[in-house]
>>> print(open('query-v4.txt').read())   # compact mmCIF, C-alpha atoms
# COMPACT_ATOMS: atom_id res chain seq x y z
CA MET A 1 82.49 45.71 114.84
CA LEU A 2 85.14 44.54 117.30
CA ILE A 3 88.00 44.26 114.85
CA ASN A 4 88.15 45.82 111.45
CA ILE A 5 91.45 45.34 109.70
CA GLU A 6 92.10 46.29 106.11
CA ASN A 7 95.23 45.69 104.09
CA LEU A 8 97.47 44.96 107.03
CA ASP A 9 101.05 43.87 106.35
CA CYS A 10 102.65 41.71 109.02
CA ARG A 11 106.37 41.43 109.42
CA ARG A 12 108.40 39.22 111.67
CA GLY A 13 111.79 40.82 112.09
CA ASN A 14 112.33 42.36 108.69
CA LYS A 15 110.64 39.66 106.68
CA LEU A 16 107.20 40.26 105.27
CA ILE A 17 105.21 37.18 106.30
CA ILE A 18 101.69 38.03 105.22
CA ALA A 19 100.44 40.97 103.21
CA ASN A 20 97.15 42.73 102.61
CA VAL A 21 95.24 41.00 105.36
CA SER A 22 91.66 42.18 105.67
CA LEU A 23 89.41 40.74 108.30
CA CYS A 24 86.60 41.86 110.50
CA LEU A 25 85.23 40.33 113.63
CA LYS A 26 81.78 40.99 115.02
CA THR A 27 80.39 40.28 118.45
CA GLY A 28 79.68 36.59 118.92
CA GLU A 29 81.88 35.54 116.03
CA CYS A 30 84.68 33.06 116.09
CA LEU A 31 87.33 33.09 113.44
CA ILE A 32 89.53 30.04 112.89
CA LEU A 33 92.87 30.65 111.22
CA LYS A 34 94.05 27.77 109.09
CA GLY A 35 97.26 27.32 107.26
CA PRO A 36 100.38 25.15 107.23
CA ASN A 37 103.29 25.72 109.61
CA GLY A 38 105.09 28.95 108.95
CA SER A 39 102.21 30.51 107.05
CA GLY A 40 101.95 33.41 109.51
CA LYS A 41 99.15 32.48 111.90
CA THR A 42 101.18 33.37 114.98
CA THR A 43 102.50 36.53 113.36
CA LEU A 44 98.99 37.73 112.58
CA LEU A 45 97.75 36.97 116.09
CA ARG A 46 100.73 38.76 117.66
CA HIS A 47 100.05 41.71 115.40
CA ILE A 48 96.43 41.94 116.46
CA ALA A 49 97.48 41.54 120.11
CA GLY A 50 99.68 44.62 119.63
CA LEU A 51 102.91 42.78 120.36
CA ASN A 52 104.45 43.50 116.98
CA SER A 53 103.20 46.96 116.29
CA LYS A 54 101.86 49.83 118.29
CA ASN A 55 99.38 51.41 115.91
CA ILE A 56 97.07 48.41 115.76
CA ASN A 57 95.06 49.93 118.59
CA ASP A 58 92.97 52.04 116.21
CA LEU A 59 91.70 48.94 114.45
CA VAL A 60 90.74 46.98 117.52
CA ASN A 61 87.83 48.28 119.52
CA ALA A 62 87.79 46.07 122.60
CA ASP A 63 90.00 44.51 125.27
CA ILE A 64 92.17 41.70 124.10
CA ALA A 65 93.43 38.58 125.81
CA TYR A 66 96.24 36.76 124.06
CA SER A 67 97.48 33.27 124.70
CA GLY A 68 100.59 32.25 122.82
CA HIS A 69 102.51 28.99 122.51
CA LEU A 70 103.75 29.34 126.07
CA ASP A 71 101.46 29.04 129.04
CA GLY A 72 102.79 31.80 131.29
CA VAL A 73 102.66 29.45 134.24
CA LYS A 74 105.09 29.77 137.15
CA SER A 75 106.27 26.38 138.28
CA THR A 76 107.14 27.41 141.84
CA LEU A 77 103.67 28.79 142.52
CA THR A 78 100.62 26.65 143.20
CA VAL A 79 97.79 26.45 140.68
CA TYR A 80 95.71 28.76 142.81
CA GLU A 81 98.52 31.30 143.25
CA ASN A 82 99.07 31.37 139.50
CA LEU A 83 95.41 32.14 138.89
CA GLN A 84 95.28 34.60 141.77
CA PHE A 85 98.11 36.56 140.17
CA TRP A 86 96.25 36.95 136.88
CA ALA A 87 93.03 37.77 138.70
CA GLY A 88 94.96 40.57 140.43
CA ILE A 89 96.32 41.86 137.13
CA TYR A 90 92.90 41.96 135.50
CA LYS A 91 91.10 42.89 138.71
CA SER A 92 88.59 40.13 138.09
CA LYS A 93 86.46 38.41 140.69
CA ASN A 94 85.39 35.29 138.81
CA LEU A 95 88.31 33.16 140.00
CA GLU A 96 86.18 30.46 141.64
CA SER A 97 83.90 30.02 138.65
CA VAL A 98 86.89 29.80 136.28
CA ILE A 99 88.42 27.06 138.41
CA LYS A 100 85.13 25.18 138.24
CA THR A 101 84.68 25.71 134.49
CA LEU A 102 88.07 24.29 133.62
CA ASN A 103 87.92 21.49 136.18
CA LEU A 104 90.93 22.67 138.15
CA GLU A 105 89.47 22.10 141.64
CA ASN A 106 91.44 18.99 142.44
CA LEU A 107 94.70 20.61 141.34
CA TYR A 108 94.13 23.69 143.50
CA THR A 109 97.06 23.30 145.89
CA ARG A 110 99.45 21.51 143.55
CA MET A 111 102.66 23.26 142.51
CA ALA A 112 102.34 24.19 138.84
CA GLY A 113 105.74 22.59 138.21
CA GLU A 114 104.29 19.19 139.11
CA LEU A 115 101.52 19.40 136.53
CA SER A 116 101.50 17.47 133.28
CA ALA A 117 101.81 19.35 129.99
CA GLY A 118 98.08 19.15 129.37
CA GLN A 119 97.20 20.32 132.87
CA LYS A 120 99.63 23.22 132.50
CA ARG A 121 97.99 24.17 129.23
CA ARG A 122 94.60 24.10 130.92
CA LEU A 123 95.95 26.37 133.66
CA GLY A 124 97.37 28.70 131.03
CA LEU A 125 94.02 28.87 129.25
CA ALA A 126 92.26 29.63 132.52
CA ARG A 127 93.90 33.04 132.25
CA MET A 128 91.74 33.81 129.22
CA LEU A 129 88.58 33.28 131.26
CA ILE A 130 89.93 35.47 134.05
CA THR A 131 90.71 38.43 131.81
CA ASN A 132 87.08 39.30 131.08
CA ALA A 133 88.36 40.58 127.75
CA LYS A 134 85.97 40.72 124.81
CA ILE A 135 88.35 39.37 122.21
CA TRP A 136 90.29 36.17 122.73
CA LEU A 137 93.31 35.54 120.56
CA MET A 138 94.46 31.96 120.94
CA ASP A 139 97.44 30.41 119.29
CA GLU A 140 97.08 26.64 119.08
CA PRO A 141 95.13 26.37 122.33
CA THR A 142 94.61 22.61 122.09
CA VAL A 143 98.26 21.55 121.91
CA SER A 144 98.84 18.67 124.37
CA LEU A 145 95.21 18.57 125.45
CA ASP A 146 93.25 15.30 125.47
CA GLN A 147 89.86 15.00 123.77
CA ALA A 148 87.82 15.68 126.87
CA THR A 149 89.77 18.83 127.71
CA THR A 150 89.68 19.98 124.10
CA ARG A 151 85.91 19.79 124.32
CA LEU A 152 86.05 21.69 127.62
CA VAL A 153 88.05 24.43 125.95
CA SER A 154 85.85 24.63 122.86
CA ASP A 155 82.79 24.79 125.13
CA ALA A 156 84.43 27.67 127.00
CA ILE A 157 85.11 29.43 123.71
CA SER A 158 81.58 29.05 122.37
CA ASN A 159 80.20 30.09 125.74
CA HIS A 160 82.39 33.19 125.58
CA CYS A 161 81.16 34.03 122.08
CA GLN A 162 77.54 33.56 123.09
CA LYS A 163 77.98 36.01 125.92
CA GLY A 164 78.97 38.74 123.51
CA GLY A 165 82.66 37.97 123.13
CA ALA A 166 84.61 37.01 120.06
CA ALA A 167 87.64 34.91 119.32
CA ILE A 168 90.35 34.40 116.75
CA ILE A 169 91.92 30.98 117.06
CA SER A 170 94.70 29.38 115.13
CA THR A 171 94.45 25.63 115.23
CA HIS A 172 95.01 22.43 113.31
CA VAL A 173 92.37 20.57 115.27
CA ASP A 174 88.71 20.74 114.46
CA LEU A 175 87.23 22.50 117.47
CA ASP A 176 83.62 21.94 116.39
CA LEU A 177 82.49 25.45 117.22
CA PRO A 178 79.09 26.73 116.08
CA GLU A 179 79.06 30.19 114.52
CA SER A 180 82.64 29.94 113.43
CA SER A 181 84.15 30.87 110.11
CA VAL A 182 87.42 29.68 108.72
CA LEU A 183 90.05 31.99 107.30
CA ASP A 184 92.68 30.37 105.15
CA ILE A 185 95.78 32.40 105.76
CA THR A 186 97.75 31.13 102.76
CA GLN A 187 95.78 33.52 100.52
CA PHE A 188 97.65 36.44 102.12
CA LYS A 189 101.05 35.10 101.23
CA PRO A 190 103.01 37.99 99.74
CA HIS A 191 103.71 37.61 96.03
CA LYS A 192 107.32 37.66 95.15
CA ASP A 193 108.00 40.89 93.31
CA THR A 194 110.54 39.93 90.73
CA LYS A 195 111.49 43.52 90.06
CA THR A 196 113.15 44.02 93.42
CA ASP A 197 116.63 42.89 94.17
CA PRO A 198 116.46 39.72 96.30
CA PHE A 199 119.50 40.88 98.28
CA LEU A 200 117.65 43.99 99.39
CA GLU A 201 114.54 42.09 100.48
CA GLY A 202 113.31 43.35 103.79
CA THR A 203 115.71 46.28 103.87
CA PHE A 204 113.15 48.98 103.31
CA MET B 205 100.89 46.32 139.88
CA TRP B 206 100.63 45.08 143.45
CA SER B 207 100.00 41.61 142.11
CA ILE B 208 103.28 41.70 140.18
CA ILE B 209 105.24 42.95 143.20
CA LEU B 210 103.71 40.35 145.52
CA ARG B 211 104.19 37.54 143.04
CA ASP B 212 107.82 38.48 142.36
CA ILE B 213 108.58 38.55 146.07
CA LYS B 214 106.92 35.16 146.47
CA LEU B 215 108.92 33.76 143.54
CA ALA B 216 112.17 35.18 144.93
CA ILE B 217 111.65 33.55 148.31
CA ARG B 218 110.55 30.15 146.93
CA SER B 219 113.16 27.60 145.95
CA GLY B 220 115.27 28.70 143.02
CA GLY B 221 114.51 32.35 143.70
CA GLY B 222 117.25 34.91 144.09
CA PHE B 223 116.55 36.19 147.56
CA SER B 224 118.71 33.97 149.78
CA LEU B 225 121.37 33.73 147.09
CA THR B 226 121.88 37.48 146.95
CA LEU B 227 122.03 37.89 150.68
CA ALA B 228 124.36 34.93 151.16
CA PHE B 229 126.67 36.25 148.45
CA PHE B 230 126.80 39.66 150.12
CA LEU B 231 127.61 38.09 153.51
CA ILE B 232 130.33 35.86 152.08
CA VAL B 233 132.01 38.56 149.99
CA ILE B 234 132.26 40.89 152.97
CA MET B 235 133.32 38.14 155.35
CA ILE B 236 136.20 36.86 153.24
CA VAL B 237 137.74 40.33 152.88
CA PRO B 238 139.50 40.25 156.27
CA PHE B 239 141.02 36.90 155.26
CA GLY B 240 142.43 38.55 152.17
CA VAL B 241 143.73 41.83 153.53
CA GLY B 242 144.65 40.63 157.00
CA ALA B 243 143.33 41.54 160.42
CA ASN B 244 144.60 45.11 160.33
CA LEU B 245 141.77 47.01 162.04
CA ASP B 246 142.85 50.46 160.82
CA LEU B 247 143.06 49.30 157.24
CA LEU B 248 139.74 47.48 157.46
CA SER B 249 137.88 50.46 158.85
CA ARG B 250 139.39 52.64 156.11
CA ILE B 251 138.29 50.37 153.26
CA ALA B 252 134.99 49.28 154.87
CA PRO B 253 132.69 51.88 153.19
CA GLY B 254 133.96 51.12 149.70
CA LEU B 255 133.89 47.37 150.29
CA LEU B 256 130.36 47.38 151.62
CA TRP B 257 129.20 49.39 148.65
CA ILE B 258 131.01 47.18 146.13
CA GLY B 259 129.59 44.12 147.88
CA ALA B 260 126.09 45.58 147.64
CA LEU B 261 126.62 46.32 143.97
CA LEU B 262 127.89 42.87 143.07
CA SER B 263 125.21 41.00 144.96
CA CYS B 264 122.59 43.21 143.36
CA LEU B 265 124.03 42.26 139.98
CA LEU B 266 123.57 38.55 140.68
CA SER B 267 119.81 38.60 140.52
CA LEU B 268 119.34 41.13 137.73
CA ASP B 269 119.04 38.68 134.86
CA ARG B 270 116.12 36.99 136.60
CA ILE B 271 114.00 40.14 136.50
CA PHE B 272 112.59 39.62 133.01
CA GLN B 273 114.32 36.49 131.72
CA LEU B 274 112.16 33.93 133.52
CA ASP B 275 108.95 35.72 132.58
CA TRP B 276 110.18 35.88 129.01
CA GLU B 277 110.97 32.18 128.86
CA ASP B 278 107.63 30.94 130.16
CA GLY B 279 105.49 33.41 128.21
CA THR B 280 104.38 35.49 131.18
CA LEU B 281 105.97 38.63 129.77
CA GLU B 282 104.01 38.29 126.53
CA ALA B 283 100.81 37.85 128.47
CA LEU B 284 101.62 40.80 130.72
CA ALA B 285 102.42 42.98 127.71
CA THR B 286 98.90 42.41 126.38
CA SER B 287 97.32 43.08 129.79
CA PRO B 288 95.85 46.47 130.72
CA ILE B 289 98.96 47.38 132.74
CA PRO B 290 101.36 49.51 130.67
CA LEU B 291 104.88 48.17 130.18
CA SER B 292 106.35 51.05 132.17
CA GLY B 293 104.10 50.07 135.07
CA ILE B 294 105.35 46.50 134.78
CA ALA B 295 108.94 47.79 134.87
CA ILE B 296 108.23 49.85 138.02
CA ALA B 297 106.65 46.85 139.71
CA LYS B 298 109.53 44.59 138.73
CA ALA B 299 112.18 47.05 139.92
CA THR B 300 110.33 47.60 143.19
CA ALA B 301 110.07 43.86 143.82
CA HIS B 302 113.77 43.52 142.99
CA TRP B 303 114.64 46.23 145.50
CA ILE B 304 112.53 44.64 148.22
CA THR B 305 114.23 41.28 147.72
CA THR B 306 117.81 42.57 147.27
CA GLY B 307 118.35 46.23 148.12
CA LEU B 308 116.41 46.17 151.35
CA PRO B 309 118.00 43.03 152.85
CA ILE B 310 121.44 44.25 151.76
CA THR B 311 120.84 47.58 153.49
CA LEU B 312 119.81 45.84 156.68
CA ALA B 313 122.62 43.28 156.56
CA SER B 314 125.23 45.98 155.97
CA LEU B 315 125.00 47.13 159.59
CA PRO B 316 126.25 43.94 161.28
CA LEU B 317 128.74 43.48 158.43
CA GLY B 318 130.05 47.00 159.08
CA TYR B 319 130.90 45.81 162.58
CA LEU B 320 132.88 42.92 161.13
CA LEU B 321 134.92 45.40 159.10
CA ASN B 322 135.47 47.70 162.07
CA LEU B 323 133.50 50.55 160.54
CA ASN B 324 133.66 53.87 162.43
CA TYR B 325 130.72 54.45 164.73
CA GLU B 326 129.75 57.72 163.06
CA ALA B 327 129.62 56.02 159.69
CA TYR B 328 126.83 53.54 160.51
CA PHE B 329 124.10 56.08 160.08
CA TRP B 330 125.49 57.20 156.73
CA LEU B 331 126.05 53.63 155.57
CA PHE B 332 122.43 52.79 156.26
CA THR B 333 121.09 56.01 154.72
CA THR B 334 123.18 55.91 151.53
CA LEU B 335 122.37 52.26 150.94
CA ALA B 336 118.68 52.81 151.60
CA ILE B 337 118.59 55.71 149.15
CA GLY B 338 121.14 54.37 146.68
CA THR B 339 120.02 50.75 146.24
CA PRO B 340 116.78 51.71 144.43
CA THR B 341 119.06 53.24 141.77
CA LEU B 342 120.80 49.88 141.42
CA SER B 343 117.46 48.09 141.00
CA PHE B 344 116.05 50.55 138.47
CA ILE B 345 119.21 50.74 136.34
CA GLY B 346 119.44 46.97 136.58
CA THR B 347 115.84 46.56 135.44
CA PHE B 348 116.64 48.74 132.45
CA GLY B 349 119.65 46.57 131.61
CA ALA B 350 117.53 43.46 132.04
CA ALA B 351 114.90 44.87 129.70
CA ILE B 352 117.54 45.49 127.03
CA THR B 353 119.07 42.01 127.27
CA VAL B 354 115.87 40.05 127.81
CA GLY B 355 115.81 38.21 124.51
CA ILE B 356 119.42 37.10 124.70
CA ARG B 357 120.18 33.64 126.01
CA ARG B 358 122.69 33.77 128.86
CA GLY B 359 122.70 37.54 128.62
CA GLY B 360 123.88 37.81 132.23
CA LEU B 361 127.44 38.74 131.38
CA LEU B 362 126.40 41.32 128.81
CA LEU B 363 123.98 42.68 131.35
CA SER B 364 126.78 43.14 133.89
CA LEU B 365 128.93 44.91 131.33
CA LEU B 366 126.07 47.24 130.45
CA VAL B 367 124.99 47.98 133.96
CA LEU B 368 128.21 48.21 135.99
CA PRO B 369 129.48 51.45 134.37
CA LEU B 370 126.12 53.04 135.08
CA TYR B 371 126.52 52.13 138.74
CA ILE B 372 129.76 54.09 139.09
CA PRO B 373 128.30 57.48 140.12
CA THR B 374 126.19 55.94 142.86
CA LEU B 375 129.09 53.79 144.03
CA MET B 376 131.50 56.74 144.22
CA LEU B 377 129.08 59.06 145.97
CA GLY B 378 127.86 56.35 148.33
CA ALA B 379 131.30 55.17 149.40
CA GLN B 380 132.60 58.74 149.76
CA CYS B 381 129.59 59.77 151.77
CA VAL B 382 130.10 56.92 154.23
CA SER B 383 133.85 57.36 154.61
CA LYS B 384 133.58 61.09 155.21
CA GLY B 385 131.06 60.28 157.97
CA THR B 386 131.87 63.29 160.12
CA ASN B 387 132.33 66.34 157.86
CA ASN B 388 129.00 67.17 156.35
CA PRO B 389 128.19 64.40 153.86
CA LEU B 390 124.76 65.86 153.26
CA GLU B 391 125.72 67.27 149.87
CA LEU B 392 126.76 63.84 148.65
CA LEU B 393 123.57 62.38 150.04
CA ALA B 394 121.57 64.97 148.10
CA LEU B 395 123.34 63.91 144.91
CA ILE B 396 122.66 60.22 145.58
CA SER B 397 119.00 61.04 146.13
CA ALA B 398 118.92 63.07 142.92
CA ILE B 399 120.32 60.18 140.87
CA SER B 400 117.91 57.79 142.55
CA LEU B 401 114.88 59.97 141.85
CA MET B 402 115.93 60.53 138.27
CA CYS B 403 116.31 56.80 137.67
CA ILE B 404 112.94 56.03 139.25
CA ALA B 405 111.23 58.74 137.19
CA LEU B 406 112.79 58.12 133.78
CA LEU B 407 114.05 54.56 133.44
CA PRO B 408 110.66 52.77 133.52
CA PHE B 409 109.80 54.49 130.23
CA ALA B 410 113.12 53.46 128.72
CA CYS B 411 112.41 49.92 129.98
CA ALA B 412 109.04 49.95 128.23
CA ILE B 413 110.66 50.90 124.91
CA ALA B 414 113.32 48.22 125.29
CA LEU B 415 110.77 45.56 126.22
CA ARG B 416 108.52 46.44 123.31
CA ALA B 417 111.43 46.18 120.91
CA ASN B 418 112.46 42.83 122.37
CA LEU B 419 108.95 41.39 122.25
CA LYS B 420 108.68 41.96 118.52
>>> encode(input="query-v4.txt", output="structure tokens")
Amino acid sequence: MLINIENLDCRRGNKLIIANVSLCLKTGECLILKGPNGSGKTTLLRHIAGLNSKNINDLVNADIAYSGHLDGVKSTLTVYENLQFWAGIYKSKNLESVIKTLNLENLYTRMAGELSAGQKRRLGLARMLITNAKIWLMDEPTVSLDQATTRLVSDAISNHCQKGGAAIISTHVDLDLPESSVLDITQFKPHKDTKTDPFLEGTF
Amino acid sequence: MWSIILRDIKLAIRSGGGFSLTLAFFLIVIMIVPFGVGANLDLLSRIAPGLLWIGALLSCLLSLDRIFQLDWEDGTLEALATSPIPLSGIAIAKATAHWITTGLPITLASLPLGYLLNLNYEAYFWLFTTLAIGTPTLSFIGTFGAAITVGIRRGGLLLSLLVLPLYIPTLMLGAQCVSKGTNNPLELLALISAISLMCIALLPFACAIALRANLK
């Protein structure tokens, strides 16, 4: 079991966004988070990534790679330099194959600042492949990607899962992934407790 | 960590980076002083140590808000925080890169600028040594301030207000050490080193706590 979470409460600031989340993720599995805007998909992903709380580490049994809404791309570095930096951070040696997988060869020497939004997103997602992490947490990975690139990304994800990885992805687009299960996040919406004083909500 | 240091140096040197800006600011601040106080050589050589140190401090301040802010805005900091490198390690790398792109060039540039301010000959050695040992303090305290203010838009001014008071001990000791040039400034130098070592040892952990709180 890569992730085994039971009854997790997720807060953003002081506000309780989702409550009593239980989910488990096995090797090779891909979990799609669905839910309307503001339902807590990002909050849950950030929680699992350990950005919102420290003690999540006991529940997660593998390395994690997280990609948020922002790409983490430096506009004054070239595409290759951007990737080289992340390869250095994760001490990975698969840089060339990642560039090939995501079709970045012809952008190699371009400054990242000159890329289009979709190309930037692709470069940002290349980081996930570089990390060699078992669990991928992706927050809306297909934003500003065209159909062909979306397929490229979903292929990369299913490839990753087949090789013994796992992924949790929040998305509104149908990624057409085999072996994936959908988790509707609205079911974890905290019930308003009418007994508590609304003015004190989030204080304790 | 080497990747962070190398990348930050690269970013600082590329267009829009802080490297040339910091150095140019230091040069200009020191060079306009004689226009302000007049060409009185005695006076200039008396105030030179303090001026050079204040100049170093102010130019160091210029680039502090870039340390984490840019990485925060484009999502790199989030990605780094989930990487295997601990946040304190990231802070050390960031502060080191900041020192290499500001403290080091300032230390080197201070020697010719000392000549412009008619600095005493004996003081050159002490100017170089105190700046070389003292500027890492500026970078590490600055990184701490940057970590605290990282989530705040245009937090540069707040950052200066937070950080400048913490620079006072180093400034006082550094300037005194240089101006006393001849009569045994070693004790002051030992104190500067002590502050520097303490900052390098402790502040990265404080940075990590501040960053974690700001990433929430």
>>> closest_residue(input="query-v4.txt", among="A:Asp155, A:Glu179, A:Glu140, A:Asp71", to="chain B", atoms="only C-alpha atoms")
A:Asp71
>>> atom_distance(input="query-v4.txt", atom1="CA of Ala327 (chain B)", atom2="CA of Leu390 (chain B)")
12.7 Å
>>> closest_residue(input="query-v4.txt", among="A:Thr131, A:Ser154, A:Gln119, A:Gln187", to="Ile169 (chain A)", atoms="all atoms listed in the file")
A:Ser154
>>> residues_around(input="query-v4.txt", residues="His69 (chain A)", least_positions_apart="4", cutoff="8 Å", atoms="only C-alpha atoms", output="PDB file with C-alpha atoms, in the frame of the given file")
ATOM      1  CA  ASP A 139      97.440  30.410 119.290  1.00  0.00           C
ATOM      2  CA  GLU A 140      97.080  26.640 119.080  1.00  0.00           C
ATOM      3  CA  PRO A 141      95.130  26.370 122.330  1.00  0.00           C
TER       4      PRO A 141
ATOM      5  CA  GLY B 279     105.490  33.410 128.210  1.00  0.00           C
TER       6      GLY B 279
END
>>> interface_residues(input="query-v4.txt", of="chain B", to="chain A", cutoff="9 Å", atoms="all atoms listed in the file", output="PyMOL selection string")
chain B and resi 205-208+210-211+214-215+218-220+274-289+416-417+419-420
>>> residues_around(input="query-v4.txt", residues="Tyr371 (chain B)", least_positions_apart="4", cutoff="12 Å", atoms="only C-alpha atoms", output="ChimeraX atom specification")
/B:257-258,260-262,264-265,338-346,349,364-367,375-378,396,399-400,403
>>> axis_aligned_box(input="query-v4.txt", around="region 29-40 of chain A", padding_each_side="4 Å", output="lines of an AutoDock Vina configuration file")
center_x = 93.5
center_y = 30.3
center_z = 111.6
size_x = 31.2
size_y = 18.4
size_z = 17.0
>>> closest_residue(input="query-v4.txt", among="B:Leu363, B:Ala295, B:Leu393, B:Ala412", to="Phe329 (chain B)", atoms="all atoms listed in the file")
B:Leu393
>>> residues_around(input="query-v4.txt", residues="Ser181 (chain A)", least_positions_apart="3", cutoff="9 Å", atoms="all atoms listed in the file", output="NGL selection string")
:A and (29-33 or 178)
>>> residues_around(input="query-v4.txt", residues="Thr101 (chain A)", least_positions_apart="5", cutoff="10 Å", atoms="all atoms listed in the file", output="number ranges by chain")
A: 95-96, 126, 129, 152-153, 155-156
>>> residues_around(input="query-v4.txt", residues="region 228-241 of chain B", least_positions_apart="6", cutoff="9 Å", atoms="only C-alpha atoms", output="PyMOL selection string")
chain B and resi 247-248+255-256+259-260+262-264+266+310+313-314+317-318+320-321
>>> atom_distance(input="query-v4.txt", atom1="CA of Ile185 (chain A)", atom2="CA of Glu6 (chain A)")
14.4 Å
>>> atom_distance(input="query-v4.txt", atom1="CA of Leu125 (chain A)", atom2="CA of Ile296 (chain B)")
26.8 Å
>>> closest_residue(input="query-v4.txt", among="B:Ile213, B:Ala297, B:Ala414, B:Ile251", to="Val382 (chain B)", atoms="all atoms listed in the file")
B:Ile251
>>> closest_residue(input="query-v4.txt", among="B:Thr333, B:Ala350, B:Trp303, B:Leu361", to="Ser397 (chain B)", atoms="only C-alpha atoms")
B:Thr333
>>> closest_residue(input="query-v4.txt", among="A:Lys189, A:Lys15, A:Lys26, A:Arg151", to="Asp174 (chain A)", atoms="only C-alpha atoms")
A:Arg151
>>> residues_near_point(input="query-v4.txt", point="(136.9, 54.4, 162.1)", cutoff="6 Å", atoms="all atoms listed in the file", output="PyMOL selection string")
chain B and resi 249+323-324
>>> build_atoms(input="query-v4.txt", residues="region 280-292 of chain B", atoms="N, CA and C atoms", output="compact mmCIF listing (two decimals), keeping the file's coordinate frame")
# COMPACT_ATOMS: atom_id res chain seq x y z
N THR B 280 105.10 34.55 130.32
CA THR B 280 104.38 35.49 131.18
C THR B 280 104.52 36.93 130.69
N LEU B 281 105.72 37.25 130.19
CA LEU B 281 105.97 38.63 129.77
C LEU B 281 105.06 39.01 128.60
N GLU B 282 104.91 38.07 127.66
CA GLU B 282 104.01 38.29 126.53
C GLU B 282 102.60 38.57 127.01
N ALA B 283 102.17 37.71 127.95
CA ALA B 283 100.81 37.85 128.47
C ALA B 283 100.65 39.17 129.22
N LEU B 284 101.68 39.53 129.98
CA LEU B 284 101.62 40.80 130.72
C LEU B 284 101.59 41.99 129.77
N ALA B 285 102.35 41.87 128.66
CA ALA B 285 102.42 42.98 127.71
C ALA B 285 101.07 43.24 127.05
N THR B 286 100.22 42.19 126.98
CA THR B 286 98.90 42.41 126.38
C THR B 286 97.84 42.70 127.45
N SER B 287 98.27 42.79 128.71
CA SER B 287 97.32 43.08 129.79
C SER B 287 97.10 44.59 129.88
N PRO B 288 96.12 45.02 130.65
CA PRO B 288 95.85 46.47 130.72
C PRO B 288 96.96 47.28 131.39
N ILE B 289 97.89 46.63 132.07
CA ILE B 289 98.96 47.38 132.74
C ILE B 289 100.00 47.80 131.70
N PRO B 290 100.35 49.09 131.65
CA PRO B 290 101.36 49.51 130.67
C PRO B 290 102.73 48.92 130.99
N LEU B 291 103.56 48.79 129.97
CA LEU B 291 104.88 48.17 130.18
C LEU B 291 105.72 48.94 131.19
N SER B 292 105.57 50.27 131.20
CA SER B 292 106.35 51.05 132.17
C SER B 292 105.90 50.71 133.59
